>>> print(open('data-v1.txt').read())   # compact mmCIF, C-alpha atoms
# COMPACT_ATOMS: atom_id res chain seq x y z
CA MET A 1 -27.74 -7.97 -18.05
CA PRO A 2 -25.57 -5.96 -20.48
CA PHE A 3 -22.64 -4.85 -18.31
CA ALA A 4 -19.95 -2.43 -19.49
CA ASP A 5 -17.22 -3.96 -21.63
CA ARG A 6 -14.56 -2.68 -19.22
CA LEU A 7 -15.66 -5.31 -16.69
CA ASN A 8 -14.28 -7.95 -19.03
CA ASN A 9 -10.79 -6.79 -18.03
CA VAL A 10 -11.16 -7.73 -14.36
CA GLU A 11 -12.23 -10.75 -12.35
CA THR A 12 -13.20 -11.50 -8.78
CA SER A 13 -10.23 -11.35 -6.45
CA ALA A 14 -8.76 -14.75 -5.66
CA ILE A 15 -7.98 -13.32 -2.24
CA ARG A 16 -11.63 -12.45 -1.67
CA GLU A 17 -12.51 -16.05 -2.49
CA LEU A 18 -9.99 -17.22 0.10
CA PHE A 19 -11.51 -14.98 2.76
CA LYS A 20 -14.79 -16.86 2.37
CA LEU A 21 -13.01 -19.81 3.99
CA LEU A 22 -11.90 -17.88 7.04
CA GLY A 23 -15.16 -18.32 8.90
CA LYS A 24 -14.00 -21.76 9.96
CA PRO A 25 -13.73 -21.77 13.78
CA GLY A 26 -10.24 -21.58 15.22
CA ILE A 27 -8.49 -20.30 12.10
CA ILE A 28 -5.30 -18.34 12.75
CA SER A 29 -5.17 -15.85 9.92
CA PHE A 30 -2.00 -14.43 8.40
CA ALA A 31 -4.09 -13.43 5.37
CA GLY A 32 -5.33 -9.95 6.22
CA GLY A 33 -3.68 -6.84 4.87
CA PHE A 34 -4.89 -4.50 7.58
CA PRO A 35 -3.59 -3.02 10.86
CA ASP A 36 -4.42 -4.40 14.30
CA SER A 37 -7.59 -2.72 15.59
CA ALA A 38 -6.37 -3.29 19.16
CA LEU A 39 -3.66 -0.70 18.48
CA PHE A 40 -5.99 2.09 17.35
CA ASP A 41 -5.72 5.20 19.52
CA VAL A 42 -9.41 5.19 20.39
CA ASP A 43 -9.06 7.78 23.15
CA GLY A 44 -7.17 10.13 20.87
CA ILE A 45 -9.68 9.71 18.05
CA ARG A 46 -12.56 10.30 20.49
CA GLU A 47 -10.93 13.52 21.65
CA ALA A 48 -10.44 14.54 18.02
CA VAL A 49 -14.11 13.90 17.25
CA ASN A 50 -15.17 16.01 20.22
CA ALA A 51 -12.80 18.79 19.24
CA ALA A 52 -14.09 18.77 15.66
CA LEU A 53 -17.70 19.04 16.84
CA THR A 54 -16.83 21.73 19.38
CA GLU A 55 -14.52 24.00 17.42
CA GLU A 56 -16.10 23.94 13.97
CA PRO A 57 -19.23 21.77 13.85
CA GLY A 58 -20.40 23.38 10.63
CA GLY A 59 -17.20 22.49 8.84
CA ALA A 60 -17.29 18.94 10.13
CA LEU A 61 -20.93 18.21 9.29
CA GLN A 62 -21.59 20.26 6.14
CA TYR A 63 -20.66 19.69 2.52
CA GLY A 64 -17.08 20.64 1.79
CA ALA A 65 -14.60 21.40 -0.98
CA THR A 66 -13.78 18.53 -3.31
CA GLU A 67 -10.07 19.25 -2.87
CA GLY A 68 -10.40 18.59 0.84
CA TYR A 69 -11.08 20.21 4.20
CA GLN A 70 -8.55 23.04 4.36
CA PRO A 71 -7.46 22.53 8.01
CA LEU A 72 -6.70 18.88 7.18
CA ARG A 73 -4.78 19.81 4.05
CA GLU A 74 -2.66 22.12 6.18
CA GLN A 75 -2.07 19.45 8.82
CA LEU A 76 -1.15 16.88 6.17
CA ALA A 77 1.34 19.30 4.61
CA ALA A 78 2.91 19.78 8.06
CA PHE A 79 2.91 16.00 8.67
CA MET A 80 4.72 15.46 5.40
CA ALA A 81 7.18 18.27 6.12
CA SER A 82 8.08 16.51 9.40
CA LYS A 83 9.24 13.57 7.27
CA GLY A 84 11.47 15.61 5.01
CA ASN A 85 8.96 16.48 2.29
CA SER A 86 9.84 20.16 2.12
CA GLY A 87 8.01 22.50 -0.18
CA VAL A 88 4.64 20.71 -0.02
CA SER A 89 1.90 23.22 0.78
CA ALA A 90 -1.76 22.57 1.52
CA ASN A 91 -2.62 23.55 -2.04
CA ASP A 92 -0.20 20.98 -3.46
CA LEU A 93 -2.38 18.08 -2.33
CA ILE A 94 -5.95 16.90 -2.50
CA VAL A 95 -7.65 14.67 0.07
CA THR A 96 -8.90 11.32 -1.18
CA THR A 97 -11.16 8.67 0.29
CA GLY A 98 -8.26 6.44 1.24
CA SER A 99 -5.20 6.18 -0.99
CA GLN A 100 -7.11 3.64 -3.05
CA GLN A 101 -9.31 6.43 -4.42
CA GLY A 102 -6.08 8.03 -5.54
CA LEU A 103 -5.43 4.97 -7.71
CA ASP A 104 -8.92 5.19 -9.15
CA LEU A 105 -8.48 8.88 -9.93
CA LEU A 106 -5.20 8.12 -11.68
CA GLY A 107 -6.99 5.52 -13.75
CA LYS A 108 -9.76 7.94 -14.66
CA THR A 109 -7.48 10.85 -15.52
CA LEU A 110 -4.55 9.12 -17.20
CA ILE A 111 -5.47 5.72 -18.65
CA SER A 112 -7.08 5.24 -22.02
CA PRO A 113 -7.80 1.68 -23.27
CA GLY A 114 -4.58 0.14 -24.51
CA ASP A 115 -2.24 2.48 -22.61
CA LYS A 116 0.78 0.77 -21.09
CA VAL A 117 1.46 1.12 -17.38
CA ILE A 118 4.46 -0.37 -15.59
CA VAL A 119 3.87 -1.92 -12.16
CA GLU A 120 6.05 -4.01 -9.90
CA GLY A 121 5.83 -7.78 -9.99
CA PRO A 122 4.41 -8.40 -7.44
CA THR A 123 2.29 -5.38 -6.58
CA PHE A 124 -0.87 -4.34 -4.72
CA LEU A 125 -3.72 -6.45 -6.06
CA ALA A 126 -6.23 -3.59 -6.13
CA THR A 127 -3.83 -1.64 -8.34
CA ILE A 128 -3.86 -4.42 -10.94
CA GLN A 129 -7.64 -4.59 -10.89
CA CYS A 130 -8.15 -0.81 -10.93
CA PHE A 131 -5.80 -0.06 -13.81
CA ARG A 132 -7.13 -2.98 -15.85
CA LEU A 133 -10.66 -1.71 -15.31
CA TYR A 134 -9.67 1.41 -17.24
CA GLY A 135 -8.12 -0.66 -20.02
CA ALA A 136 -4.42 -0.49 -19.19
CA GLU A 137 -1.95 -3.02 -20.53
CA LEU A 138 0.19 -3.78 -17.50
CA ILE A 139 3.92 -4.38 -17.83
CA THR A 140 5.74 -5.79 -14.81
CA VAL A 141 9.20 -4.97 -13.52
CA PRO A 142 10.83 -7.45 -11.12
CA VAL A 143 11.41 -6.74 -7.44
CA ASP A 144 14.17 -8.04 -5.18
CA GLY A 145 15.26 -7.36 -1.60
CA GLU A 146 16.17 -3.77 -2.50
CA GLY A 147 12.88 -3.07 -4.24
CA THR A 148 12.33 -2.39 -7.92
CA GLN A 149 15.17 -3.57 -10.15
CA THR A 150 15.94 -0.22 -11.71
CA ASP A 151 18.10 -1.52 -14.58
CA ALA A 152 15.14 -3.59 -15.74
CA LEU A 153 12.80 -0.65 -15.16
CA GLU A 154 14.79 1.64 -17.43
CA ARG A 155 14.82 -0.96 -20.19
CA LEU A 156 11.06 -1.36 -19.91
CA ILE A 157 10.47 2.40 -19.94
CA ALA A 158 12.60 2.77 -23.06
CA GLU A 159 10.86 -0.13 -24.78
CA HIS A 160 7.22 0.52 -23.85
CA LYS A 161 7.07 4.29 -23.23
CA PRO A 162 4.39 3.82 -20.53
CA LYS A 163 1.74 6.33 -19.54
CA PHE A 164 3.19 6.10 -16.05
CA VAL A 165 5.07 3.84 -13.64
CA TYR A 166 3.44 2.76 -10.36
CA LEU A 167 5.76 1.87 -7.45
CA ILE A 168 5.51 1.15 -3.71
CA PRO A 169 9.11 1.93 -2.73
CA THR A 170 8.76 1.53 1.03
CA PHE A 171 7.66 -1.82 2.52
CA GLY A 172 5.52 -2.67 -0.49
CA ASN A 173 2.36 -4.74 -0.44
CA PRO A 174 2.89 -7.66 -0.83
CA SER A 175 6.68 -7.73 -1.19
CA GLY A 176 7.61 -5.89 2.00
CA ALA A 177 10.65 -4.70 0.03
CA LEU A 178 12.47 -1.46 0.82
CA MET A 179 13.92 0.34 -2.18
CA SER A 180 17.48 1.46 -1.58
CA LEU A 181 18.47 5.12 -1.66
CA GLU A 182 20.58 4.55 -4.77
CA ARG A 183 17.65 3.04 -6.63
CA ARG A 184 15.29 5.82 -5.51
CA LYS A 185 17.58 8.42 -7.02
CA ALA A 186 17.88 6.32 -10.19
CA VAL A 187 14.08 6.22 -10.54
CA LEU A 188 13.86 10.01 -10.33
CA GLN A 189 16.69 10.44 -12.79
CA MET A 190 15.07 8.16 -15.34
CA ALA A 191 11.75 9.99 -14.88
CA VAL A 192 13.49 13.12 -16.13
CA LYS A 193 15.60 11.36 -18.76
CA HIS A 194 12.61 9.57 -20.31
CA ASP A 195 9.99 12.21 -19.45
CA THR A 196 7.96 9.56 -17.61
CA LEU A 197 5.45 10.06 -14.81
CA ILE A 198 6.22 8.11 -11.62
CA VAL A 199 3.50 7.31 -9.09
CA GLU A 200 4.77 6.67 -5.56
CA ASP A 201 2.27 4.92 -3.30
CA ASP A 202 3.37 5.26 0.32
CA PRO A 203 0.83 3.86 2.82
CA TYR A 204 3.44 1.95 4.86
CA GLY A 205 6.41 4.31 5.03
CA ASP A 206 5.84 5.28 8.67
CA LEU A 207 5.81 1.65 9.84
CA TYR A 208 9.55 1.08 10.09
CA PHE A 209 11.10 -1.12 12.77
CA GLY A 210 14.59 0.24 13.29
CA ASP A 211 16.23 3.08 11.44
CA ALA A 212 13.98 5.26 9.33
CA PRO A 213 13.84 4.24 5.66
CA PRO A 214 15.45 6.38 2.95
CA PRO A 215 13.52 9.55 2.10
CA SER A 216 10.47 9.16 -0.09
CA LEU A 217 10.75 9.82 -3.81
CA LEU A 218 8.84 13.03 -3.13
CA ALA A 219 11.38 14.16 -0.54
CA LEU A 220 14.30 13.22 -2.82
CA SER A 221 12.80 15.01 -5.79
CA ALA A 222 14.30 18.25 -4.46
CA GLU A 223 17.73 16.79 -5.30
CA VAL A 224 16.86 15.80 -8.89
CA PRO A 225 15.92 18.85 -10.97
CA GLY A 226 12.82 18.31 -13.06
CA SER A 227 11.65 15.18 -11.22
CA ARG A 228 9.01 16.86 -9.05
CA GLU A 229 6.98 17.75 -12.14
CA ARG A 230 6.97 14.05 -13.11
CA LEU A 231 5.98 12.63 -9.74
CA VAL A 232 2.71 11.76 -8.00
CA HIS A 233 2.76 10.80 -4.31
CA CYS A 234 -0.15 9.01 -2.63
CA GLY A 235 -0.36 8.84 1.17
CA SER A 236 -2.82 7.41 3.68
CA LEU A 237 -3.72 7.45 7.37
CA SER A 238 -5.31 4.00 7.09
CA LYS A 239 -2.33 1.95 8.25
CA VAL A 240 -1.16 4.36 10.96
CA LEU A 241 -4.36 5.83 12.42
CA SER A 242 -7.56 4.13 11.22
CA PRO A 243 -8.74 2.57 7.95
CA GLY A 244 -12.31 3.45 8.90
CA LEU A 245 -11.63 7.17 8.55
CA ARG A 246 -10.86 6.61 4.84
CA VAL A 247 -8.45 9.52 4.70
CA GLY A 248 -5.73 9.59 2.07
CA TRP A 249 -4.13 12.26 -0.05
CA MET A 250 -2.44 12.84 -3.37
CA VAL A 251 0.40 15.21 -4.19
CA GLY A 252 1.08 15.90 -7.85
CA PRO A 253 1.43 18.39 -10.67
CA ALA A 254 -1.25 21.09 -10.54
CA GLU A 255 -2.74 20.12 -13.91
CA LEU A 256 -3.19 16.51 -12.81
CA LEU A 257 -4.69 17.48 -9.44
CA ALA A 258 -7.20 19.72 -11.23
CA LYS A 259 -8.34 16.85 -13.46
CA ALA A 260 -8.43 14.46 -10.50
CA THR A 261 -10.52 16.94 -8.50
CA MET A 262 -12.98 17.18 -11.37
CA CYS A 263 -13.33 13.40 -11.54
CA LYS A 264 -13.67 13.20 -7.75
CA GLN A 265 -16.60 15.64 -7.93
CA PHE A 266 -18.41 13.15 -10.14
CA SER A 267 -17.89 10.21 -7.79
CA ASP A 268 -18.25 11.39 -4.18
CA ALA A 269 -18.34 15.22 -4.19
CA HIS A 270 -15.76 15.11 -1.39
CA THR A 271 -14.25 12.81 1.20
CA SER A 272 -16.30 12.78 4.42
CA THR A 273 -15.83 16.18 6.04
CA PHE A 274 -16.50 14.61 9.44
CA ALA A 275 -13.66 12.14 8.93
CA GLN A 276 -11.41 14.90 7.61
CA ALA A 277 -12.14 17.20 10.54
CA THR A 278 -11.45 14.35 12.95
CA ALA A 279 -8.14 13.57 11.27
CA ALA A 280 -7.20 17.26 11.28
CA GLN A 281 -7.82 17.55 15.00
CA TYR A 282 -5.89 14.35 15.67
CA LEU A 283 -2.84 15.59 13.78
CA LYS A 284 -3.16 19.02 15.40
CA ALA A 285 -3.06 17.40 18.86
CA SER A 286 0.41 15.95 18.10
CA ARG A 287 -0.56 12.43 19.13
CA MET A 288 0.78 10.79 15.98
CA PRO A 289 4.44 10.39 17.08
CA ALA A 290 3.48 8.40 20.19
CA THR A 291 0.98 6.32 18.21
CA LEU A 292 3.59 5.48 15.59
CA ALA A 293 6.18 4.58 18.21
CA LYS A 294 3.76 2.11 19.77
CA VAL A 295 2.70 0.37 16.56
CA ARG A 296 6.28 0.20 15.27
CA GLN A 297 7.36 -1.63 18.41
CA VAL A 298 4.48 -4.10 18.31
CA TYR A 299 4.78 -4.87 14.60
CA ALA A 300 8.57 -5.20 14.87
CA GLU A 301 8.21 -7.82 17.60
CA ARG A 302 5.63 -9.72 15.58
CA ALA A 303 7.72 -9.59 12.40
CA THR A 304 10.77 -10.89 14.25
CA THR A 305 8.79 -13.68 15.89
CA MET A 306 7.26 -14.77 12.60
CA GLY A 307 10.60 -14.71 10.78
CA GLN A 308 12.29 -16.79 13.47
CA ALA A 309 9.40 -19.26 13.58
CA LEU A 310 9.40 -19.70 9.79
CA LYS A 311 13.13 -20.44 9.77
CA ARG A 312 12.83 -22.83 12.70
CA GLU A 313 9.73 -24.71 11.53
CA LEU A 314 10.18 -24.68 7.75
CA GLY A 315 13.92 -24.46 7.28
CA ASP A 316 15.01 -24.68 3.66
CA ALA A 317 11.45 -25.24 2.42
CA ILE A 318 10.93 -21.49 2.39
CA GLU A 319 13.01 -18.39 1.65
CA PHE A 320 12.32 -14.74 2.41
CA VAL A 321 13.92 -11.41 3.24
CA GLN A 322 13.18 -10.35 6.81
CA PRO A 323 11.14 -7.13 6.50
CA GLN A 324 12.40 -3.87 7.99
CA GLY A 325 8.88 -2.43 8.22
CA GLY A 326 5.33 -2.69 6.96
CA LEU A 327 2.85 -5.49 7.59
CA PHE A 328 4.04 -8.45 5.53
CA ILE A 329 6.57 -11.20 5.00
CA TRP A 330 6.82 -12.16 1.33
CA ALA A 331 8.13 -15.67 0.94
CA ARG A 332 8.88 -18.25 -1.71
CA LEU A 333 8.53 -22.02 -1.45
CA THR A 334 11.65 -23.82 -2.60
CA GLY A 335 10.29 -27.37 -2.92
CA ALA A 336 13.31 -28.62 -0.97
CA GLY A 337 13.09 -32.27 -0.09
CA GLY A 338 10.18 -32.75 -2.45
CA ARG A 339 7.87 -30.63 -0.30
CA VAL A 340 5.02 -28.57 -1.71
CA ALA A 341 6.18 -25.69 -3.92
CA ASP A 342 2.85 -24.22 -5.01
CA GLY A 343 1.42 -21.41 -2.89
CA ALA A 344 -2.20 -22.06 -3.83
CA GLU A 345 -1.90 -25.76 -3.02
CA LEU A 346 -0.25 -24.99 0.32
CA ALA A 347 -3.00 -22.46 1.10
CA LYS A 348 -5.65 -25.19 0.76
CA ARG A 349 -3.69 -27.58 2.95
CA ALA A 350 -3.06 -24.82 5.49
CA ILE A 351 -6.77 -24.06 5.87
CA ASP A 352 -7.29 -27.73 6.77
CA LYS A 353 -4.63 -27.31 9.47
CA GLY A 354 -6.29 -24.17 10.83
CA VAL A 355 -4.06 -21.42 9.44
CA ALA A 356 -4.55 -19.05 6.50
CA PHE A 357 -2.30 -16.95 4.29
CA VAL A 358 -2.56 -15.48 0.80
CA PRO A 359 -0.90 -17.27 -2.12
CA GLY A 360 1.31 -14.93 -4.13
CA ALA A 361 0.27 -15.55 -7.74
CA PRO A 362 -2.65 -13.03 -7.80
CA PHE A 363 -0.23 -10.19 -6.98
CA TYR A 364 1.40 -10.50 -10.40
CA ALA A 365 -0.06 -8.71 -13.42
CA ARG A 366 1.97 -11.02 -15.66
CA ASN A 367 3.96 -14.23 -15.33
CA PRO A 368 2.87 -15.09 -11.77
CA ASP A 369 5.29 -16.94 -9.53
CA ALA A 370 3.12 -19.75 -8.16
CA ALA A 371 5.66 -20.56 -5.45
CA THR A 372 5.17 -17.26 -3.61
CA LEU A 373 2.98 -16.35 -0.64
CA ARG A 374 2.19 -13.37 1.58
CA LEU A 375 2.05 -13.67 5.36
CA SER A 376 0.79 -10.81 7.52
CA PHE A 377 2.01 -10.60 11.09
CA ALA A 378 0.12 -7.40 11.93
CA THR A 379 -3.04 -8.67 13.61
CA VAL A 380 -1.77 -11.79 15.40
CA GLY A 381 -0.19 -11.92 18.85
CA LEU A 382 3.18 -13.54 19.45
CA GLU A 383 1.85 -16.83 20.81
CA LYS A 384 -0.63 -17.17 17.94
CA ILE A 385 2.14 -16.45 15.44
CA GLU A 386 4.17 -19.31 16.89
CA GLU A 387 1.16 -21.60 16.87
CA GLY A 388 0.14 -20.56 13.36
CA VAL A 389 3.57 -21.17 11.87
CA GLY A 390 3.58 -24.56 13.59
CA ARG A 391 0.29 -25.39 11.90
CA LEU A 392 1.71 -24.18 8.59
CA ALA A 393 4.62 -26.59 8.98
CA GLN A 394 2.11 -29.43 9.38
CA ALA A 395 0.59 -28.51 6.03
CA PHE A 396 3.80 -29.48 4.25
>>> encode(input="data-v1.txt", output="structure tokens")
Amino acid sequence: MPFADRLNNVETSAIRELFKLLGKPGIISFAGGFPDSALFDVDGIREAVNAALTEEPGGALQYGATEGYQPLREQLAAFMASKGNSGVSANDLIVTTGSQQGLDLLGKTLISPGDKVIVEGPTFLATIQCFRLYGAELITVPVDGEGTQTDALERLIAEHKPKFVYLIPTFGNPSGALMSLERRKAVLQMAVKHDTLIVEDDPYGDLYFGDAPPPSLLALSAEVPGSRERLVHCGSLSKVLSPGLRVGWMVGPAELLAKATMCKQFSDAHTSTFAQATAAQYLKASRMPATLAKVRQVYAERATTMGQALKRELGDAIEFVQPQGGLFIWARLTGAGGRVADGAELAKRAIDKGVAFVPGAPFYARNPDAATLRLSFATVGLEKIEEGVGRLAQAF
């Protein structure tokens, strides 16, 4: 069958291939990148559904505006304002079918074949696949414990003059890294200096374990004149409320949002109005703060337990920065004592021992570090985390 040439730029996800092995009975999985369904506020969502069908059933069940259901846009603007994002009105954002549709809309509106785009190394796998689908040449900037290495980023911007830069500053997937305040300001300053568009993807920013993280790039843009016009911010309710609602949003320059809205019309007409009305009622009911407090506590305990178990069971065979939020521990095998130092090889051995994780190489658009791996603590209870890390140690 004569498929489109653009499909030559992408391949089946190595992670998806790994998930085919997870049907083995008794597997403890640290592989998933999703929240724990046991923590969903089912009662609150049920009440929101009932309220949506009671107060405005026509709006919830009928076709809607491509830009989004207006009551939800207003609630999202208020939600963002509560986190320091002042000056964002309902008309400054469009609702997307998850933040991943935001990535697709960026690809459709901004990327022509051969355009250069800078991403973090490592970064969200779907970002690599999406941007490559539209023909982007991906350039990678290294990440450390404080997030994107901004000195390297500025050199790459000056050298490659990218169409845009894609970053996950807060508890990135897979790195878990938290970009420092100093580096956040530097990113905004270089956006202005080099007239470069910055895309901030922020699906994990509410999942912090102790002190709140530094303000988002969007919030900080008020302090850097000219940066707001060169910034796109993508948000999502998937990690904090429910992935099944598929509710995300995009804030950006008006011209870009207009083009993105046009492209969205071609693909889905609009995000489910029923899901949007439900999300609007949930936010209106002010249940989100209590929900976030609960999931932060649970994920913090699991992250601490996993970090302690990895240090105890694996010692100098593995190194990582203990995450301050998000869903992941990003680790690197050291090969100490002649032990396995390849993430893909360890993943195969681990499956045989009854535990799964995701090797890190697929998260790199270029020059993959084969020694890396991603471990998710989000969906596994404390006892299973201990048991799973013990099984992982046996795989060495």
>>> atom_distance(input="data-v1.txt", atom1="atom CA of Gly87 of chain A", atom2="atom CA of Leu72 of chain A")
16.8 Å
>>> closest_atom_pairs(input="data-v1.txt", of="segment 116-174 of chain A", to="segment 310-322 of chain A", cutoff="12 Å", atoms="all atoms listed in the file", output="CSV")
residue,atom,partner,partner_atom,distance
A:Val143,CA,A:Val321,CA,11.9
A:Asp144,CA,A:Val321,CA,9.1
A:Gly145,CA,A:Val321,CA,6.5
A:Glu146,CA,A:Val321,CA,9.8
A:Gly147,CA,A:Val321,CA,11.3
A:Phe171,CA,A:Gln322,CA,11.0
>>> atom_distance(input="data-v1.txt", atom1="atom CA of Pro362 of chain A", atom2="atom CA of Leu125 of chain A")
6.9 Å
>>> atom_distance(input="data-v1.txt", atom1="atom CA of Arg332 of chain A", atom2="atom CA of Val358 of chain A")
12.0 Å
>>> residues_around(input="data-v1.txt", residues="Glu137 of chain A", least_positions_apart="5", cutoff="6 Å", atoms="only C-alpha atoms", output="list in words")
Gly114, Asp115 and Lys116 of chain A
>>> closest_atom_pairs(input="data-v1.txt", of="segment 82-200 of chain A", to="segment 280-294 of chain A", cutoff="12 Å", atoms="all atoms listed in the file", output="tab-separated table")
residue	atom	partner	partner_atom	distance
A:Ser82	CA	A:Pro289	CA	10.5
A:Lys83	CA	A:Pro289	CA	11.4
A:Val95	CA	A:Ala280	CA	11.5
>>> closest_residue(input="data-v1.txt", among="A:Leu103, A:Leu218, A:Ala350, A:Ala78", to="Thr127 of chain A", atoms="all atoms listed in the file")
A:Leu103
>>> closest_residue(input="data-v1.txt", among="A:Ser180, A:Thr305, A:Ser86, A:Gln394", to="Ala347 of chain A", atoms="all atoms listed in the file")
A:Gln394
>>> closest_residue(input="data-v1.txt", among="A:Leu327, A:Ile351, A:Leu256, A:Val192", to="Ser227 of chain A", atoms="all atoms listed in the file")
A:Val192
>>> closest_residue(input="data-v1.txt", among="A:Arg6, A:His194, A:Arg302, A:Lys108", to="Arg132 of chain A", atoms="only C-alpha atoms")
A:Arg6
>>> closest_residue(input="data-v1.txt", among="A:Thr278, A:Gly381, A:Pro214, A:Ala331", to="Ala361 of chain A", atoms="only C-alpha atoms")
A:Ala331
>>> closest_residue(input="data-v1.txt", among="A:Asn9, A:Ser236, A:Thr372, A:Gln265", to="Val251 of chain A", atoms="all atoms listed in the file")
A:Ser236
>>> decode(input="data-v1.txt", residues="segment 304-316 of chain A", atoms="N, CA and C atoms", output="tab-separated table (two decimals), in the first residue's frame")
chain	number	residue	atom	x	y	z
A	304	THR	N	9.89	8.48	47.39
A	304	THR	CA	10.88	8.31	48.45
A	304	THR	C	11.21	6.84	48.65
A	305	THR	N	10.17	6.01	48.69
A	305	THR	CA	10.38	4.57	48.89
A	305	THR	C	11.20	3.97	47.76
A	306	MET	N	10.88	4.35	46.52
A	306	MET	CA	11.64	3.81	45.39
A	306	MET	C	13.09	4.28	45.43
A	307	GLY	N	13.31	5.56	45.71
A	307	GLY	CA	14.67	6.07	45.76
A	307	GLY	C	15.51	5.36	46.82
A	308	GLN	N	14.93	5.18	48.00
A	308	GLN	CA	15.65	4.49	49.08
A	308	GLN	C	15.93	3.04	48.72
A	309	ALA	N	14.96	2.37	48.10
A	309	ALA	CA	15.14	0.98	47.72
A	309	ALA	C	16.21	0.83	46.64
A	310	LEU	N	16.23	1.73	45.68
A	310	LEU	CA	17.26	1.67	44.63
A	310	LEU	C	18.65	1.83	45.22
A	311	LYS	N	18.81	2.77	46.14
A	311	LYS	CA	20.13	2.97	46.76
A	311	LYS	C	20.52	1.76	47.59
A	312	ARG	N	19.56	1.20	48.30
A	312	ARG	CA	19.86	0.06	49.17
A	312	ARG	C	20.17	-1.20	48.37
A	313	GLU	N	19.38	-1.47	47.34
A	313	GLU	CA	19.49	-2.73	46.60
A	313	GLU	C	20.55	-2.69	45.49
A	314	LEU	N	20.75	-1.51	44.89
A	314	LEU	CA	21.64	-1.43	43.73
A	314	LEU	C	22.93	-0.67	43.99
A	315	GLY	N	22.95	0.11	45.05
A	315	GLY	CA	24.18	0.79	45.43
A	315	GLY	C	24.80	1.59	44.30
A	316	ASP	N	26.10	1.36	44.07
A	316	ASP	CA	26.81	2.16	43.07
A	316	ASP	C	26.59	1.67	41.64
